[in-house]
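Worksheet: one structure, shown below.
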Amino acid sequence: LCSARCGLALVLHVSLFVAYALRVSLSIAIVAMTNGSHPHSWSGSAPRGSYPGFSQDVSGKQMQITERRFPGSAPVYNWSAETQGIILSSFFYGYGLTQALGGYCSGLFGGKPVLGSGLLLSSVLTLLVPRAAELGMSFLIGLQVLLGLAEGVIFPAQYTLWAKWAPPLERSRLMNIADAGCTFGTFFALLVAGIICQSLGWPFVFYIFGGVGCAWCLCWFLLVYEDPAHHPWINAGEQEYIVSLLAHQGSSHGCSLPLVAMAKSLPLWAITIACFCTDWLFYMLLTSMPMFMSNVLHFDLRENGLLSSLPYIGNGLGHILAGLLADFLLARRVLGTAAIRKLFSALGMLLPAVFLVAVPYLGCSSTVVVVLLTLALTIISMTGAGININHIDIAPRYAGFLLGITNTFGIVAGIIAPTAVGLLISQDLQTGWRNAFFISAALNLFGLIFYIAFGSGTIQDWAREDTAVQ
């Protein structure tokens with residue numbers, strides 16, 4: 001627990017905690033920024049760990065706030081539901097553009113400066129949100145696009161760092177401890193932002209979150225080092241341990257990338273397709289579950305803050321526990337790396353799919369349905385020890401770039417899934433929901449079969465330093 005690599009996991013946990021608090025701040029504060037209107041169209045998509053549509057519908061007591069309860073100095077804007085949806089979705093246009101670019105740049109310049117710069121720029125842009133809103137909707141949309149561009153580099157840069165720091169038998173626990181910061185950051189923002197809006201006014205949500213982000217970036221640049229060889233305070237035994245275990249994978253990539261070999265790689269396609277399918281189910285649940293509970297189960301989520309928080313708590317804890325269990329099995333040599341990745345991917349994709357298929361037949365028991373949907377969001381976190389880490393297993397030199405590619409596909413799934421749900425339920429409510437659940441389950445099953453058939457746990461030839469395509 002006192003090792004440098006565990007310290008990096010905790011620092012990255014806090015960094016992702018801050019990043020996702022910044023990301024969802026507008027999704028919460030926009031309730032206070034508008035004249036009490038409820039944006040029913042907030043079922044837009046989101047990348048891994050951010051839930052703008054979900055947060056609005058399930059943020060518990062925050063949804064009860066009206067403009068009368070906000071301090072009088074905070075301006076209120078007359079934005080329609082459609083306008084609010086456009087503002088919230090504009091983040092993801094920028095976010096999708098810098099995924100692969102962030103991975104490529106972190107391979108060239110290092111994960112530390114790329115991630116730190118992205119987080120710092122995100123914090124500064126968050127501070128500017130109130131001023132952009134005053135200037136007009138177009139300025140706010142442009143700012144959100146820039147915020148998406150800045151945050152898009154954070155996840156790929158993190159993977160580039162872990163490729164240099166995480167020993168093979170500790171990757172799952174270290175990376176999942178860091179990734180849990182995404183969920184806990186969102187949950188914390190849901191709890192705190194509403195209180196800030198009520199007591200200080202909505203602009204202070206951005207001032208406080210942005211200010212904390214800027215302060216944390218100073219800690220980031222002071223505490224984090226690119227690799228064990230450059231860490232001045234690392235124990236000599238730990239440094240030798242990490243370097244010796246990772247020596248076989250080679251250094252970070254240069255300016256050129258083996259794009260043709262990547263495009264022909266079945267293990268990479270297996271990860272990409274599996275990520276797309278599981279992200280479809282993940283974001284469909286997060287963005288559409290509140291609507292299903294309200295329209296079909298007639299459940300008033302606004303009066304139950306505990307229920308609103310259960311998916312966040314379960315998903316975050318599930319990440320940590322899955323990482324610990326996966327590394328335990330690897331260390332005891334119960335299964336090999338490829339088998340572990342496939343096992344956890346199977347559990348994280350198959351069980352939620354089974355729960356979804358069962359939901360339409362349990363409509364009379366709202367309690368059971370809520371439990372199943374919450375379990376689905378919790379168990380899906382097991383893919384964090386499966387397909388999400390598999391990038392580093394097959395190509396550690398290009399882990400950041402590959403994560404950028406697969407995360408881009410995940411963003412596309414997050415955009416399409418809520419739209420597809422809306423189209424299906426617009427025709428017939430009961431049949432539409434059943435078809436939406438069945439389609440998501442079928443996609444997950446397809447992605448899992450493809451991943452089990454073609455996934456791998458060993459470094460590919462094109463990813464080795466001595467055979468990289470120039």
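Letters A, B, ... go to the chains of the structure tokens in the order shown; residues in each chain start at 1; ligands are counted from 1 in the same order.
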How close does each residue of region 12-33 of chain A get to region 188-212 of chain A, giving the shortest atom pair and distance in Å to one decimal for every residue with an atom at most 9 Å away, counting only C-alpha atoms, sorted by chain and residue number, as CSV?
```
residue,atom,partner,partner_atom,distance
A:Phe17,CA,A:Phe188,CA,8.6
A:Val18,CA,A:Phe209,CA,7.8
A:Tyr20,CA,A:Ala189,CA,8.4
A:Ala21,CA,A:Ala189,CA,5.3
A:Leu22,CA,A:Phe209,CA,6.3
A:Val24,CA,A:Ala189,CA,7.2
A:Ser25,CA,A:Ala189,CA,6.7
A:Leu26,CA,A:Phe206,CA,8.0
A:Ile28,CA,A:Ala193,CA,6.8
A:Ala29,CA,A:Trp202,CA,5.8
A:Ile30,CA,A:Trp202,CA,8.2
A:Ala32,CA,A:Trp202,CA,6.2
A:Met33,CA,A:Trp202,CA,6.8
```
Tell me which protein, DNA and RNA residues are within 9 Å of Gly181 (chain A), counting only C-alpha atoms, leaving out same-chain ones fewer than 5 positions away, and put them as a ChimeraX atom specification.
-> /A:10,12-20,49,176,186,316
Can you check which residues of region 107-251 of chain A DSSP gives as helix (DSSP H, G or I) on the backbone and send them as a count of residues only?
-> 121
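Between Ala247 (chain A) and the residues A:Leu266, A:Pro396, A:Tyr451, A:Val369, the shortest atom-to-atom distance, using only C-alpha atoms, involves A:Pro396.
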All residues 9 Å or closer to region 434-438 of chain A, only C-alpha atoms, same chain fewer than 3 positions away omitted, as a PyMOL selection string = chain A and resi 281+284+353+356-357+359-361+417+420-421+424-425+429-431+441-443
Non-local contacts of Ile87 (chain A) (8 Å; only C-alpha atoms; under 2 positions in same chain excluded) as a PyMOL selection string | chain A and resi 83-85+89-91+137+140-141+144
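Distance annotation: of A:Asp227, A:Glu240, A:Asp393, A:Asp179, the residue with the minimal separation from Leu268 (chain A) is A:Asp393; atom set is only C-alpha atoms.
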Per residue of region 161-252 of chain A within 12 Å of region 318-340 of chain A, what are the shortest atom pair and its distance in Å to one decimal, counting only C-alpha atoms, with rows by chain and residue number, as JSON lines?
```
{"residue": "A:Ala166", "atom": "CA", "partner": "A:Asp327", "partner_atom": "CA", "distance": 11.6}
{"residue": "A:Pro167", "atom": "CA", "partner": "A:Asp327", "partner_atom": "CA", "distance": 10.4}
{"residue": "A:Pro168", "atom": "CA", "partner": "A:Asp327", "partner_atom": "CA", "distance": 8.6}
{"residue": "A:Leu169", "atom": "CA", "partner": "A:Asp327", "partner_atom": "CA", "distance": 5.6}
{"residue": "A:Glu170", "atom": "CA", "partner": "A:Asp327", "partner_atom": "CA", "distance": 5.8}
{"residue": "A:Arg171", "atom": "CA", "partner": "A:Asp327", "partner_atom": "CA", "distance": 7.4}
{"residue": "A:Ser172", "atom": "CA", "partner": "A:Gly323", "partner_atom": "CA", "distance": 4.3}
{"residue": "A:Arg173", "atom": "CA", "partner": "A:Gly323", "partner_atom": "CA", "distance": 3.9}
{"residue": "A:Leu174", "atom": "CA", "partner": "A:Gly323", "partner_atom": "CA", "distance": 7.4}
{"residue": "A:Met175", "atom": "CA", "partner": "A:Gly323", "partner_atom": "CA", "distance": 7.6}
{"residue": "A:Asn176", "atom": "CA", "partner": "A:His319", "partner_atom": "CA", "distance": 5.3}
{"residue": "A:Ile177", "atom": "CA", "partner": "A:Ile320", "partner_atom": "CA", "distance": 5.3}
{"residue": "A:Ala178", "atom": "CA", "partner": "A:Ile320", "partner_atom": "CA", "distance": 8.7}
{"residue": "A:Asp179", "atom": "CA", "partner": "A:His319", "partner_atom": "CA", "distance": 7.3}
{"residue": "A:Ala180", "atom": "CA", "partner": "A:His319", "partner_atom": "CA", "distance": 6.0}
{"residue": "A:Gly181", "atom": "CA", "partner": "A:His319", "partner_atom": "CA", "distance": 9.8}
{"residue": "A:Cys182", "atom": "CA", "partner": "A:His319", "partner_atom": "CA", "distance": 10.4}
{"residue": "A:Thr183", "atom": "CA", "partner": "A:His319", "partner_atom": "CA", "distance": 9.5}
{"residue": "A:Phe184", "atom": "CA", "partner": "A:His319", "partner_atom": "CA", "distance": 11.0}
```
With C-alpha atoms retained, could you export that selection as a PDB file, in the first residue's frame?
```
ATOM      1  CA  ALA A 166       1.486  -1.755 -13.808  1.00  0.00           C
ATOM      2  CA  PRO A 167       3.053  -5.244 -13.486  1.00  0.00           C
ATOM      3  CA  PRO A 168       1.016  -7.901 -15.344  1.00  0.00           C
ATOM      4  CA  LEU A 169      -0.221  -9.523 -12.128  1.00  0.00           C
ATOM      5  CA  GLU A 170      -1.381  -6.191 -10.679  1.00  0.00           C
ATOM      6  CA  ARG A 171      -2.934  -4.456 -13.681  1.00  0.00           C
ATOM      7  CA  SER A 172      -6.520  -5.281 -12.842  1.00  0.00           C
ATOM      8  CA  ARG A 173      -6.491  -3.969  -9.287  1.00  0.00           C
ATOM      9  CA  LEU A 174      -4.394  -0.866 -10.000  1.00  0.00           C
ATOM     10  CA  MET A 175      -6.334   0.220 -13.075  1.00  0.00           C
ATOM     11  CA  ASN A 176      -9.743  -0.523 -11.587  1.00  0.00           C
ATOM     12  CA  ILE A 177      -8.945   1.391  -8.402  1.00  0.00           C
ATOM     13  CA  ALA A 178      -8.129   4.363 -10.617  1.00  0.00           C
ATOM     14  CA  ASP A 179     -11.208   3.888 -12.817  1.00  0.00           C
ATOM     15  CA  ALA A 180     -13.515   3.797  -9.799  1.00  0.00           C
ATOM     16  CA  GLY A 181     -12.822   7.513  -9.441  1.00  0.00           C
ATOM     17  CA  CYS A 182     -15.101   8.119 -12.440  1.00  0.00           C
ATOM     18  CA  THR A 183     -18.181   6.710 -10.742  1.00  0.00           C
ATOM     19  CA  PHE A 184     -17.462   8.134  -7.300  1.00  0.00           C
TER      20      PHE A 184
END
```
Pairwise distance for CA of Ile313 (chain A) and CA of Ile379 (chain A), rounded to one decimal in Å |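 Computed distance, CA of Ile313 (chain A) to CA of Ile379 (chain A), equals 11.7 Å.
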What lies within 8 Å of Leu119 (chain A) using only C-alpha atoms, ignoring chain neighbours under 6 positions off, as a list of chain:residue names?
->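 In the requested format, the answer is A:Ser15, A:Ala19, A:Ala150, A:Glu151, A:Ile154, A:Gly213, A:Cys217.
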Any chance you could export the current selection's C-alpha atoms as a CSV table (one decimal), in the first residue's frame?
```csv
chain,number,residue,atom,x,y,z
A,15,SER,CA,-7.7,12.8,-11.0
A,19,ALA,CA,-12.5,15.0,-14.2
A,150,ALA,CA,-9.7,18.6,-23.3
A,151,GLU,CA,-11.2,15.7,-21.4
A,154,ILE,CA,-7.4,11.8,-20.2
A,213,GLY,CA,-9.4,21.0,-10.4
A,217,CYS,CA,-3.4,19.7,-11.3
```
Would you mind telling me which residue in A:Ile392, A:Leu218, A:Pro156, A:Trp162 lies nearest to Leu101 (chain A) when using only C-alpha atoms?
->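 Of A:Ile392, A:Leu218, A:Pro156, A:Trp162, the one nearest Leu101 (chain A) is A:Pro156, counting only C-alpha atoms.
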What gap, in Å, lies between CA of Val243 (chain A) and CA of Thr160 (chain A)?
->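 Answer for the CA of Val243 (chain A) to CA of Thr160 (chain A) separation: 15.2 Å.
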Can you work out the spacing between CA of Asn444 (chain A) and CA of Ser456 (chain A) in Å, to one decimal?
-> 18.6 Å
List the neighbours of region 271-276 of chain A out to 6 Å using only C-alpha atoms; skip same-chain residues closer than 2 positions along the sequence, and give me the result as a list in words.
->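 Here the qualifying residues turn out to be Leu268, Trp269, Thr278, Asp279, Ile387, Thr406, Phe409, Gly410, Ala413 and Gly447 of chain A.
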